[in-house]
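Peer 1: Provided herewith: run07.cif, mmCIF, C-alpha atoms.
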data_run
loop_
_atom_site.label_atom_id
_atom_site.label_comp_id
_atom_site.auth_asym_id
_atom_site.auth_seq_id
_atom_site.Cartn_x
_atom_site.Cartn_y
_atom_site.Cartn_z
CA MET J 523 15.34 -1.20 13.24
CA ARG J 524 18.84 -1.55 11.89
CA ASN J 525 18.76 -5.31 12.10
CA LEU J 526 15.87 -5.36 9.64
CA GLU J 527 18.07 -3.75 7.05
CA ASN J 528 17.76 -6.50 4.49
CA ASN J 529 14.03 -6.89 4.59
CA ARG J 530 12.81 -3.46 5.46
CA VAL J 531 9.48 -2.49 3.98
CA LEU J 532 8.73 0.98 2.72
CA VAL J 533 5.16 2.23 2.75
CA ILE J 534 4.84 4.78 -0.05
CA MET J 535 2.00 7.24 0.27
CA PRO J 536 1.48 9.66 -2.61
CA ALA J 537 -0.24 12.79 -1.30
CA TRP J 538 -1.49 15.85 -3.10
CA ASN J 539 -3.26 18.34 -0.84
CA GLU J 540 -4.28 15.65 1.63
CA ALA J 541 -3.73 17.70 4.80
CA ASP J 542 -7.09 16.50 6.19
CA CYS J 543 -6.25 12.83 6.32
CA VAL J 544 -2.53 12.24 5.75
CA GLY J 545 -1.65 12.69 9.42
CA ALA J 546 -4.17 10.12 10.61
CA THR J 547 -3.19 7.61 7.93
CA VAL J 548 0.54 7.92 8.66
CA ALA J 549 -0.08 7.59 12.39
CA GLU J 550 -2.21 4.51 11.77
CA VAL J 551 0.55 2.82 9.75
CA LEU J 552 3.18 3.66 12.38
CA THR J 553 1.12 2.15 15.19
CA LEU J 554 1.05 -1.27 13.47
CA ASP J 555 3.06 -4.06 15.07
CA GLU J 556 5.60 -4.28 12.26
CA PRO J 557 8.08 -1.41 12.08
CA TYR J 558 7.30 0.02 8.66
CA ASP J 559 9.07 3.04 7.26
CA VAL J 560 6.59 5.52 5.84
CA LEU J 561 7.47 7.75 2.90
CA VAL J 562 4.92 10.41 2.06
CA VAL J 563 5.54 11.69 -1.45
CA ASN J 564 4.31 15.26 -1.35
CA ASP J 565 3.21 15.79 -4.94
CA GLY J 566 3.47 19.56 -5.04
CA SER J 567 0.85 20.20 -2.36
CA THR J 568 -0.08 23.80 -1.66
CA ASP J 569 -1.49 23.04 1.78
CA GLU J 570 0.00 21.77 5.03
CA THR J 571 0.43 18.18 3.79
CA PRO J 572 4.25 17.96 4.12
CA ARG J 573 4.37 19.50 7.59
CA ILE J 574 1.55 17.34 8.94
CA ALA J 575 3.03 14.19 7.41
CA ALA J 576 6.45 14.92 8.86
CA SER J 577 5.11 15.64 12.33
CA ALA J 578 3.12 12.39 12.17
CA GLY J 579 6.44 10.60 11.77
CA ALA J 580 6.76 10.05 8.04
CA THR J 581 9.75 10.81 5.86
CA VAL J 582 8.55 13.39 3.34
CA LEU J 583 9.75 13.40 -0.26
CA ASN J 584 8.92 16.85 -1.57
CA LEU J 585 8.41 17.00 -5.34
CA PRO J 586 8.91 20.59 -6.52
CA PHE J 587 5.69 20.49 -8.59
CA ASN J 588 2.72 18.24 -9.21
CA LEU J 589 3.55 15.13 -11.23
CA GLY J 590 0.41 13.06 -10.70
CA VAL J 591 0.10 9.75 -8.84
CA GLY J 592 2.32 7.90 -11.31
CA GLY J 593 5.02 10.54 -11.00
CA ALA J 594 4.85 10.52 -7.22
CA MET J 595 5.05 6.74 -7.11
CA ARG J 596 8.05 6.51 -9.40
CA ALA J 597 9.83 9.05 -7.21
CA GLY J 598 8.98 6.82 -4.24
CA PHE J 599 10.29 3.72 -6.02
CA LYS J 600 13.51 5.51 -6.87
CA TYR J 601 13.94 6.46 -3.22
CA ALA J 602 13.22 2.85 -2.21
CA GLN J 603 15.82 1.54 -4.61
CA ARG J 604 18.46 4.06 -3.56
CA LEU J 605 18.02 3.13 0.10
CA GLY J 606 17.91 -0.58 -0.57
CA TYR J 607 14.39 -1.50 0.43
CA SER J 608 13.47 -5.00 -0.64
CA GLN J 609 9.71 -4.50 -0.49
CA VAL J 610 7.45 -1.52 -1.06
CA ILE J 611 3.73 -1.04 -0.69
CA GLN J 612 1.61 1.81 -1.95
CA VAL J 613 -1.07 3.06 0.43
CA ASP J 614 -3.43 5.93 -0.32
CA ALA J 615 -3.13 8.93 1.96
CA ASP J 616 -6.90 9.41 2.06
CA GLY J 617 -7.40 6.45 4.36
CA GLN J 618 -9.24 4.36 1.79
CA HIS J 619 -6.75 1.53 2.19
CA ASP J 620 -6.89 -0.01 5.63
CA PRO J 621 -3.34 -0.13 7.06
CA ARG J 622 -4.29 -3.28 8.93
CA ASN J 623 -4.37 -5.07 5.55
CA ILE J 624 -0.76 -4.12 4.74
CA ARG J 625 0.64 -7.36 6.13
CA GLU J 626 -1.84 -9.45 4.12
CA VAL J 627 -1.01 -7.67 0.87
CA LEU J 628 2.73 -8.00 1.56
CA ASN J 629 2.25 -11.72 2.17
CA GLY J 630 1.18 -11.97 -1.45
CA LEU J 631 4.81 -11.27 -2.38
CA GLU J 632 5.78 -14.74 -1.15
CA SER J 633 4.38 -16.14 -4.37
CA ALA J 634 4.63 -13.20 -6.76
CA ASP J 635 6.54 -10.04 -7.62
CA ILE J 636 3.50 -7.76 -7.40
CA SER J 637 0.64 -8.18 -4.97
CA ILE J 638 -2.59 -6.23 -5.40
CA GLY J 639 -5.02 -5.54 -2.59
CA ALA J 640 -8.26 -6.08 -4.48
CA ARG J 641 -11.73 -4.73 -3.81
CA PHE J 642 -14.32 -6.94 -5.55
CA ALA J 643 -12.80 -10.21 -4.39
CA ASP J 644 -15.78 -11.35 -2.30
CA ARG J 645 -14.84 -9.12 0.54
CA GLY J 646 -16.14 -5.74 1.55
CA ASP J 647 -19.02 -3.91 -0.04
CA TYR J 648 -17.30 -1.69 -2.58
CA THR J 649 -19.56 -1.38 -5.62
CA VAL J 650 -19.59 0.62 -8.82
CA LYS J 651 -22.07 0.57 -11.67
CA GLY J 652 -22.56 1.57 -15.29
CA PRO J 653 -19.71 2.22 -17.74
CA ARG J 654 -17.18 2.41 -14.95
CA LYS J 655 -18.07 -1.12 -13.91
CA TRP J 656 -17.84 -2.42 -17.50
CA ALA J 657 -14.48 -0.76 -17.89
CA MET J 658 -13.19 -2.33 -14.69
CA ARG J 659 -14.56 -5.74 -15.70
CA LEU J 660 -12.97 -5.57 -19.11
CA LEU J 661 -9.63 -4.41 -17.77
CA ALA J 662 -9.70 -7.14 -15.14
CA SER J 663 -10.40 -9.87 -17.68
CA VAL J 664 -7.68 -8.73 -20.09
CA LEU J 665 -5.15 -8.42 -17.28
CA SER J 666 -6.16 -11.81 -15.84
CA LYS J 667 -5.46 -13.47 -19.20
CA LEU J 668 -2.11 -11.74 -19.51
CA ALA J 669 -1.05 -12.51 -15.95
CA LYS J 670 -2.49 -16.05 -16.09
CA THR J 671 -4.17 -15.58 -12.73
CA THR J 672 -7.51 -14.20 -11.59
CA LEU J 673 -7.40 -10.48 -11.05
CA THR J 674 -10.60 -8.65 -10.21
CA ASP J 675 -9.41 -5.17 -9.39
CA VAL J 676 -6.55 -3.98 -11.57
CA THR J 677 -7.10 -0.28 -10.88
CA SER J 678 -6.51 -0.69 -7.18
CA GLY J 679 -3.68 1.49 -5.91
CA PHE J 680 -3.15 -0.77 -2.91
CA ARG J 681 -0.14 -2.65 -4.27
CA ALA J 682 3.02 -4.18 -3.01
CA GLY J 683 6.14 -5.00 -4.98
CA ASN J 684 9.46 -6.72 -4.37
CA SER J 685 12.87 -5.55 -5.58
CA ARG J 686 12.27 -7.03 -9.05
CA ALA J 687 9.08 -4.98 -9.30
CA ILE J 688 10.93 -1.85 -8.18
CA VAL J 689 13.57 -2.28 -10.87
CA GLN J 690 10.94 -2.84 -13.55
CA TYR J 691 8.79 0.08 -12.36
CA LEU J 692 11.76 2.39 -12.61
CA ASP J 693 12.06 1.45 -16.27
CA HIS J 694 8.39 2.04 -17.02
CA TYR J 695 5.96 3.88 -14.79
CA PRO J 696 4.04 6.55 -16.71
CA ALA J 697 2.75 9.68 -15.03
CA GLU J 698 -0.36 9.72 -17.22
CA TYR J 699 -3.89 9.00 -16.00
CA LEU J 700 -4.23 5.24 -15.40
CA GLY J 701 -0.54 4.95 -16.25
CA ASP J 702 0.26 4.07 -12.66
CA THR J 703 -2.27 1.23 -12.55
CA ILE J 704 -3.20 -0.30 -15.93
CA ASP J 705 -0.21 0.65 -18.03
CA SER J 706 2.43 -0.18 -15.46
CA LEU J 707 0.77 -3.51 -14.64
CA VAL J 708 0.46 -4.60 -18.28
CA VAL J 709 4.10 -3.80 -19.02
CA ALA J 710 5.23 -5.42 -15.77
CA VAL J 711 3.40 -8.64 -16.63
CA ARG J 712 4.70 -8.63 -20.21
CA SER J 713 8.20 -8.07 -18.86
CA GLY J 714 7.94 -11.32 -16.94
CA LEU J 715 6.85 -10.27 -13.47
CA SER J 716 4.25 -12.35 -11.69
CA VAL J 717 1.15 -10.88 -10.09
CA THR J 718 -1.22 -12.06 -7.42
CA GLN J 719 -4.14 -10.49 -5.63
CA VAL J 720 -5.24 -10.42 -2.03
CA PRO J 721 -8.85 -9.61 -1.17
CA VAL J 722 -9.18 -6.53 1.03
CA GLU J 723 -11.94 -4.26 2.19
CA MET J 724 -11.83 -0.62 1.25
CA ARG J 725 -12.96 1.99 3.67
CA PRO J 726 -15.01 4.94 2.57
CA ARG J 727 -12.84 7.86 1.56
CA GLN J 728 -12.49 10.39 4.32
CA GLY J 729 -13.16 13.24 1.93
CA GLY J 730 -15.00 13.32 -1.39
CA THR J 731 -17.12 10.61 -3.00
CA PRO J 732 -16.33 8.31 -5.94
CA SER J 733 -17.81 9.70 -9.12
CA HIS J 734 -20.88 8.03 -10.59
CA HIS J 735 -21.58 10.74 -13.11
CA PRO J 736 -22.42 9.01 -16.42
CA ILE J 737 -20.28 11.29 -18.60
CA LYS J 738 -17.29 11.02 -16.30
CA ALA J 739 -17.77 7.26 -16.21
CA ALA J 740 -17.87 7.13 -20.01
CA VAL J 741 -14.70 9.22 -20.22
CA TYR J 742 -13.14 6.80 -17.76
CA LEU J 743 -14.14 3.89 -20.01
CA GLY J 744 -12.60 5.57 -23.04
CA ARG J 745 -9.38 6.46 -21.28
CA SER J 746 -8.96 2.98 -19.87
CA PHE J 747 -9.31 1.48 -23.38
CA PHE J 748 -6.75 3.98 -24.57
CA ALA J 749 -4.32 3.18 -21.77
CA LEU J 750 -4.80 -0.56 -22.26
CA ALA J 751 -4.35 -0.43 -26.03
CA PHE J 752 -1.10 1.46 -25.74
CA ALA J 753 0.20 -0.66 -22.88
CA LEU J 754 -0.39 -3.83 -24.91
CA THR J 755 1.78 -2.57 -27.74
CA ARG J 756 4.63 -1.17 -25.68
CA ARG J 757 8.03 -2.74 -25.66
CA ARG J 758 8.86 -4.93 -22.70
CA SER J 759 11.35 -3.78 -20.13
CA HIS J 760 14.70 -5.33 -20.79
CA VAL J 761 16.14 -4.56 -17.43
CA ALA J 762 18.39 -6.83 -15.47
CA LEU J 763 15.90 -7.99 -12.91
CA PRO J 764 17.41 -9.21 -9.65
CA LEU J 765 16.97 -12.94 -9.12
CA GLN J 766 13.81 -13.91 -7.40
CA THR J 767 14.51 -14.58 -3.79
CA MET J 768 11.20 -15.68 -2.40
CA ALA J 769 8.84 -16.28 -5.27
CA GLY J 770 8.70 -19.95 -6.07
CA GLN J 771 7.61 -19.99 -9.70
CA LYS J 772 9.54 -20.08 -13.00
CA MET S 838 7.36 35.19 -65.15
CA MET S 839 9.15 37.89 -63.18
CA PRO S 840 10.97 37.12 -59.94
CA ASN S 841 8.78 38.02 -56.99
CA ILE S 842 10.65 40.81 -55.17
CA ALA S 843 8.43 40.85 -52.05
CA ALA S 844 8.66 37.08 -51.53
CA PHE S 845 12.40 37.21 -52.11
CA LEU S 846 12.90 39.95 -49.51
CA LEU S 847 10.70 38.12 -46.99
CA ALA S 848 12.63 34.90 -47.45
CA LEU S 849 15.90 36.79 -47.14
CA ALA S 850 14.70 38.36 -43.88
CA ILE S 851 13.76 34.93 -42.49
CA VAL S 852 17.08 33.37 -43.40
CA GLY S 853 18.90 36.38 -41.96
CA LEU S 854 16.89 36.22 -38.72
CA VAL S 855 17.50 32.49 -38.27
CA ALA S 856 21.20 32.90 -38.97
CA GLU S 857 21.44 35.72 -36.45
CA MET S 858 19.56 33.74 -33.78
CA LEU S 859 21.89 30.81 -34.39
CA ARG S 860 24.91 33.08 -34.10
CA ARG S 861 23.65 34.45 -30.77
CA LYS S 862 22.83 30.91 -29.58
CA LYS S 863 19.15 31.82 -29.21
CA LEU S 864 18.15 28.91 -31.43
CA ARG S 865 19.53 25.42 -31.41
CA GLU S 866 20.70 23.91 -34.64
CA LYS S 867 18.15 21.10 -34.65
CA TYR S 868 15.28 23.60 -34.79
CA ALA S 869 17.06 26.10 -37.04
CA ILE S 870 17.62 23.54 -39.78
CA TRP S 871 13.88 23.46 -40.61
CA TRP S 872 13.67 27.21 -40.99
CA LEU S 873 16.87 27.48 -42.96
CA VAL S 874 15.64 24.86 -45.42
CA VAL S 875 12.30 26.66 -45.78
CA GLY S 876 13.92 30.08 -46.08
CA ILE S 877 16.38 28.95 -48.73
CA ALA S 878 13.67 27.11 -50.68
CA THR S 879 11.52 30.26 -50.62
CA LEU S 880 14.50 32.33 -51.78
CA VAL S 881 15.07 30.05 -54.75
CA LEU S 882 11.38 29.95 -55.68
CA ALA S 883 11.04 33.75 -55.39
CA ALA S 884 14.05 34.20 -57.65
CA PHE S 885 12.91 31.64 -60.21
CA PRO S 886 9.08 31.44 -60.13
CA GLN S 887 9.04 29.32 -63.29
CA LEU S 888 10.68 26.58 -61.19
CA LEU S 889 7.45 26.22 -59.20
CA VAL S 890 5.41 25.97 -62.41
CA PHE S 891 7.79 23.35 -63.69
CA ILE S 892 7.71 21.24 -60.51
CA ALA S 893 3.92 21.52 -60.34
CA ARG S 894 3.67 20.16 -63.90
CA VAL S 895 6.09 17.33 -63.12
CA VAL S 896 4.21 16.14 -60.01
CA GLY S 897 0.82 16.70 -61.64
CA VAL S 898 -0.54 19.64 -59.65
CA GLN S 899 -2.73 21.86 -61.81
CA LEU S 900 -2.31 25.11 -59.90
CA PRO S 901 1.31 25.85 -58.87
CA SER S 902 0.15 27.83 -55.83
CA ASN S 903 -1.63 24.72 -54.52
CA LEU S 904 1.67 22.89 -54.56
CA LEU S 905 3.12 25.68 -52.47
CA PHE S 906 0.21 25.43 -50.00
CA ILE S 907 0.41 21.69 -49.55
CA LEU S 908 4.16 21.87 -49.02
CA SER S 909 3.71 24.64 -46.42
CA ILE S 910 1.05 22.66 -44.57
CA LEU S 911 3.18 19.53 -44.50
CA MET S 912 6.16 21.53 -43.32
CA LEU S 913 4.18 23.15 -40.48
CA LEU S 914 2.78 19.75 -39.50
CA GLY S 915 6.32 18.42 -39.34
CA VAL S 916 7.46 21.32 -37.17
CA CYS S 917 4.50 20.86 -34.79
CA LEU S 918 5.15 17.15 -34.41
CA HIS S 919 8.82 17.77 -33.85
CA LEU S 920 8.07 20.32 -31.13
CA SER S 921 5.52 18.04 -29.41
CA TRP S 922 8.09 15.28 -29.40
CA GLU S 923 10.80 17.54 -28.06
CA ILE S 924 8.58 18.89 -25.27
CA SER S 925 7.64 15.35 -24.23
CA VAL S 926 11.31 14.52 -23.93
CA VAL S 927 11.87 17.69 -21.92
CA GLU S 928 8.93 16.86 -19.61
CA GLU S 929 10.32 13.40 -18.98
CA GLU S 930 13.71 14.89 -18.20
CA THR S 931 12.10 17.43 -15.87
CA ARG S 932 10.29 14.62 -14.11
CA ALA S 933 13.53 12.73 -13.56
CA LEU S 934 15.17 15.90 -12.24
CA ALA S 935 12.26 16.53 -9.86
CA GLU S 936 12.70 13.02 -8.46
CA GLU S 937 16.43 13.51 -8.02
CA VAL S 938 16.00 16.89 -6.36
CA ALA S 939 13.43 15.52 -3.93
CA ILE S 940 15.63 12.56 -2.95
CA LEU S 941 18.72 14.73 -2.63
CA ARG S 942 16.83 17.19 -0.46
CA ILE S 943 15.96 14.47 2.03
CA GLN S 944 19.58 13.35 2.11
CA VAL S 945 20.88 16.90 2.54
CA GLU S 946 18.43 17.57 5.35
CA ARG S 947 19.59 14.41 7.07
CA LEU S 948 23.26 15.28 6.65
CA THR S 949 22.81 18.79 7.98
CA GLY S 950 20.86 17.44 10.91
CA LEU S 951 17.59 19.09 10.06
CA LEU S 952 15.91 15.72 9.99
CA PRO S 953 16.30 13.06 12.65
CA VAL S 954 18.07 9.96 11.38
CA SER S 955 15.28 7.45 11.77
CA GLY S 956 15.21 3.78 10.83
CA SER S 957 14.04 4.76 7.40
CA ASN S 958 17.47 5.82 6.26
CA GLY S 959 19.67 3.34 8.06
CA SER S 960 22.44 2.31 5.73
CA GLN S 961 22.63 3.45 2.18
CA ASP S 962 23.85 0.30 0.50
CA PRO S 963 22.32 0.23 -2.97
CA GLU S 964 21.10 -3.34 -2.73
CA GLY S 965 19.05 -4.68 0.11
CA GLN S 966 19.52 -8.27 -0.98
#
Go through the file and emit its structure as structure tokens.
Peer 2:
Amino acid sequence: MRNLENNRVLVIMPAWNEADCVGATVAEVLTLDEPYDVLVVNDGSTDETPRIAASAGATVLNLPFNLGVGGAMRAGFKYAQRLGYSQVIQVDADGQHDPRNIREVLNGLESADISIGARFADRGDYTVKGPRKWAMRLLASVLSKLAKTTLTDVTSGFRAGNSRAIVQYLDHYPAEYLGDTIDSLVVAVRSGLSVTQVPVEMRPRQGGTPSHHPIKAAVYLGRSFFALAFALTRRRSHVALPLQTMAGQK
Amino acid sequence: MMPNIAAFLLALAIVGLVAEMLRRKKLREKYAIWWLVVGIATLVLAAFPQLLVFIARVVGVQLPSNLLFILSILMLLGVCLHLSWEISVVEEETRALAEEVAILRIQVERLTGLLPVSGSNGSQDPEGQ
């Protein structure tokens, strides 16, 4: 693995009390053909998550208390930067993201800084309805305009980034609700990073069901407006982004 | 109008308390400044109540006590906002510390041999370019 030093890929898996599925997901990633390094960010779990993840072969980053997905991810990005990874990809511990799609999503980085594994892109049968759907539609259309490319699923957590993305994320990656998806993406795009999407299928979650409760969906709609409105007015990151190595545009 | 003895004593107690907390380093200057300003203002107003009547007339408030109320409310609002801002800064700092601690823990465990050195921690050059 040492000879892959310059283009190692880190799979970052935020996990908060995911003892039921984290072991299987880690094992699945490690059995892929490519030698990925797996970092499970234990976000203050009170169950067996860290032990199970470690025995499945992952490196475990133990946060001393719960920071939320955004907090866990930024910790993962910081680790990736410290150890010199050139590409990272976020994969949910609950098994919703199919590890077999990791290569496809990473391939998106050949033409962009951030590559999103998207659900509604004519593949798979993931559906939502009601206010949640309107919210996702609206967010997708605003983000598509900003990024000047078609994005259909901007709340997907199945995302890859190159070293430019890592540097920008470290400057702005809020721990708030939707901060890790909408807010970070808007600021990344406004800071000059390019985005692309790769259609993927999502698997059913191994535990729990997505919420279709109308009130929860309405709250979701409100919070996504809120997150979007703030993200659009934030200052851009003025960080020294490393030169693009692979991406061909600009 | 007679100086208000009770208000004067109360203000004196507040100023004394803040000064003592500052002296014992129980209160940082940036928070103490608010309370010192308020305490001293209350001291002055308690000693010279006609000052309040005068200021109320100048700014066009009919009832002097209402001027006092609005100033108190604004002051408390300011303190609350200041505290919310400070705690947000502290939370962000805590978050950064949590990240550092977690990363350092992995590195310490590797150094002390508690964790196998796998491919995931090969070399530690800061740039993978």
Peer 1: Can you work out the spacing between atom CA of Val676 of chain J and atom CA of Ala749 of chain J in Å, to one decimal?
Peer 2: 12.7 Å
Peer 1: Could you check the closest approach to Leu692 of chain J for each of J:Arg622, J:Arg756, J:Arg530, J:Lys600 and tell me which residue wins, using only C-alpha atoms?
Peer 2: J:Lys600
Peer 1: Evaluating the PyMOL selection byres ((chain S and resi 935) around 10) on the displayed file yields which residues, as a count of residues only?
Peer 2: 21
Peer 1: Compile the residues of chain J that lie within 6 Å of chain S, evaluated using only C-alpha atoms, and express the compilation as a list in words.
Peer 2: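 Written out as asked, the residues are Met523, Asn528, Asp559, Leu583, Asn584, Leu585, Ala597, Arg604, Leu605, Gly606, Tyr607 and Ser608 of chain J.
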Peer 1: Excluding Gln612 of chain J and its own-chain neighbours fewer than 6 positions away, which residues fall within 8 Å of it when counting all atoms listed in the file? Please give them as an mmCIF file with C-alpha atoms, keeping the file's coordinate frame.
Peer 2:
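This went into part16.cif:
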data_model
loop_
_atom_site.group_PDB
_atom_site.id
_atom_site.type_symbol
_atom_site.label_atom_id
_atom_site.label_comp_id
_atom_site.auth_asym_id
_atom_site.auth_seq_id
_atom_site.Cartn_x
_atom_site.Cartn_y
_atom_site.Cartn_z
ATOM 1 C CA VAL J 533 5.160 2.230 2.750
ATOM 2 C CA ILE J 534 4.840 4.780 -0.050
ATOM 3 C CA MET J 535 2.000 7.240 0.270
ATOM 4 C CA PRO J 536 1.480 9.660 -2.610
ATOM 5 C CA MET J 595 5.050 6.740 -7.110
ATOM 6 C CA GLY J 679 -3.680 1.490 -5.910
ATOM 7 C CA PHE J 680 -3.150 -0.770 -2.910
ATOM 8 C CA ARG J 681 -0.140 -2.650 -4.270
ATOM 9 C CA ALA J 682 3.020 -4.180 -3.010
#
Peer 1: Can you complete the atoms of segment 616-641 of chain J to N, CA and C atoms and list them as a short mmCIF file (atom, residue, chain, number, x, y, z; two decimals), in the frame of the given file?
Peer 2:
data_model
loop_
_atom_site.label_atom_id
_atom_site.label_comp_id
_atom_site.auth_asym_id
_atom_site.auth_seq_id
_atom_site.Cartn_x
_atom_site.Cartn_y
_atom_site.Cartn_z
N ASP J 616 -5.55 9.02 1.65
CA ASP J 616 -6.90 9.41 2.06
C ASP J 616 -7.57 8.41 3.00
N GLY J 617 -6.85 7.37 3.39
CA GLY J 617 -7.40 6.45 4.36
C GLY J 617 -8.30 5.38 3.78
N GLN J 618 -8.39 5.35 2.45
CA GLN J 618 -9.24 4.36 1.79
C GLN J 618 -8.70 2.94 1.97
N HIS J 619 -7.37 2.84 1.99
CA HIS J 619 -6.75 1.53 2.19
C HIS J 619 -6.52 1.34 3.68
N ASP J 620 -7.01 0.23 4.20
CA ASP J 620 -6.89 -0.01 5.63
C ASP J 620 -5.48 -0.49 5.96
N PRO J 621 -4.72 0.28 6.75
CA PRO J 621 -3.34 -0.13 7.06
C PRO J 621 -3.25 -1.51 7.69
N ARG J 622 -4.34 -1.96 8.31
CA ARG J 622 -4.29 -3.28 8.93
C ARG J 622 -4.19 -4.40 7.89
N ASN J 623 -4.49 -4.07 6.61
CA ASN J 623 -4.37 -5.07 5.55
C ASN J 623 -2.96 -5.11 4.94
N ILE J 624 -2.08 -4.20 5.37
CA ILE J 624 -0.76 -4.12 4.74
C ILE J 624 -0.03 -5.46 4.80
N ARG J 625 -0.05 -6.07 5.97
CA ARG J 625 0.64 -7.36 6.13
C ARG J 625 0.11 -8.39 5.15
N GLU J 626 -1.23 -8.46 5.02
CA GLU J 626 -1.84 -9.45 4.12
C GLU J 626 -1.39 -9.23 2.68
N VAL J 627 -1.40 -7.95 2.25
CA VAL J 627 -1.01 -7.67 0.87
C VAL J 627 0.47 -8.01 0.68
N LEU J 628 1.30 -7.67 1.66
CA LEU J 628 2.73 -8.00 1.56
C LEU J 628 2.96 -9.51 1.51
N ASN J 629 2.10 -10.27 2.20
CA ASN J 629 2.25 -11.72 2.17
C ASN J 629 2.10 -12.28 0.77
N GLY J 630 1.34 -11.55 -0.06
CA GLY J 630 1.18 -11.97 -1.45
C GLY J 630 2.51 -12.03 -2.18
N LEU J 631 3.51 -11.30 -1.71
CA LEU J 631 4.81 -11.27 -2.38
C LEU J 631 5.60 -12.57 -2.19
N GLU J 632 5.09 -13.46 -1.31
CA GLU J 632 5.78 -14.74 -1.15
C GLU J 632 5.65 -15.58 -2.40
N SER J 633 4.58 -15.33 -3.18
CA SER J 633 4.38 -16.14 -4.37
C SER J 633 4.42 -15.32 -5.65
N ALA J 634 4.65 -14.03 -5.56
CA ALA J 634 4.63 -13.20 -6.76
C ALA J 634 5.50 -11.96 -6.57
N ASP J 635 5.73 -11.26 -7.69
CA ASP J 635 6.54 -10.04 -7.62
C ASP J 635 5.69 -8.82 -7.25
N ILE J 636 4.41 -8.88 -7.68
CA ILE J 636 3.50 -7.76 -7.40
C ILE J 636 2.26 -8.33 -6.73
N SER J 637 1.82 -7.71 -5.67
CA SER J 637 0.64 -8.18 -4.97
C SER J 637 -0.36 -7.03 -4.87
N ILE J 638 -1.58 -7.29 -5.36
CA ILE J 638 -2.59 -6.23 -5.40
C ILE J 638 -3.65 -6.47 -4.35
N GLY J 639 -3.90 -5.48 -3.53
CA GLY J 639 -5.02 -5.54 -2.59
C GLY J 639 -6.29 -5.22 -3.36
N ALA J 640 -7.15 -6.24 -3.55
CA ALA J 640 -8.26 -6.08 -4.48
C ALA J 640 -9.58 -5.87 -3.78
N ARG J 641 -10.39 -4.98 -4.31
CA ARG J 641 -11.73 -4.73 -3.81
C ARG J 641 -12.71 -5.80 -4.27
#
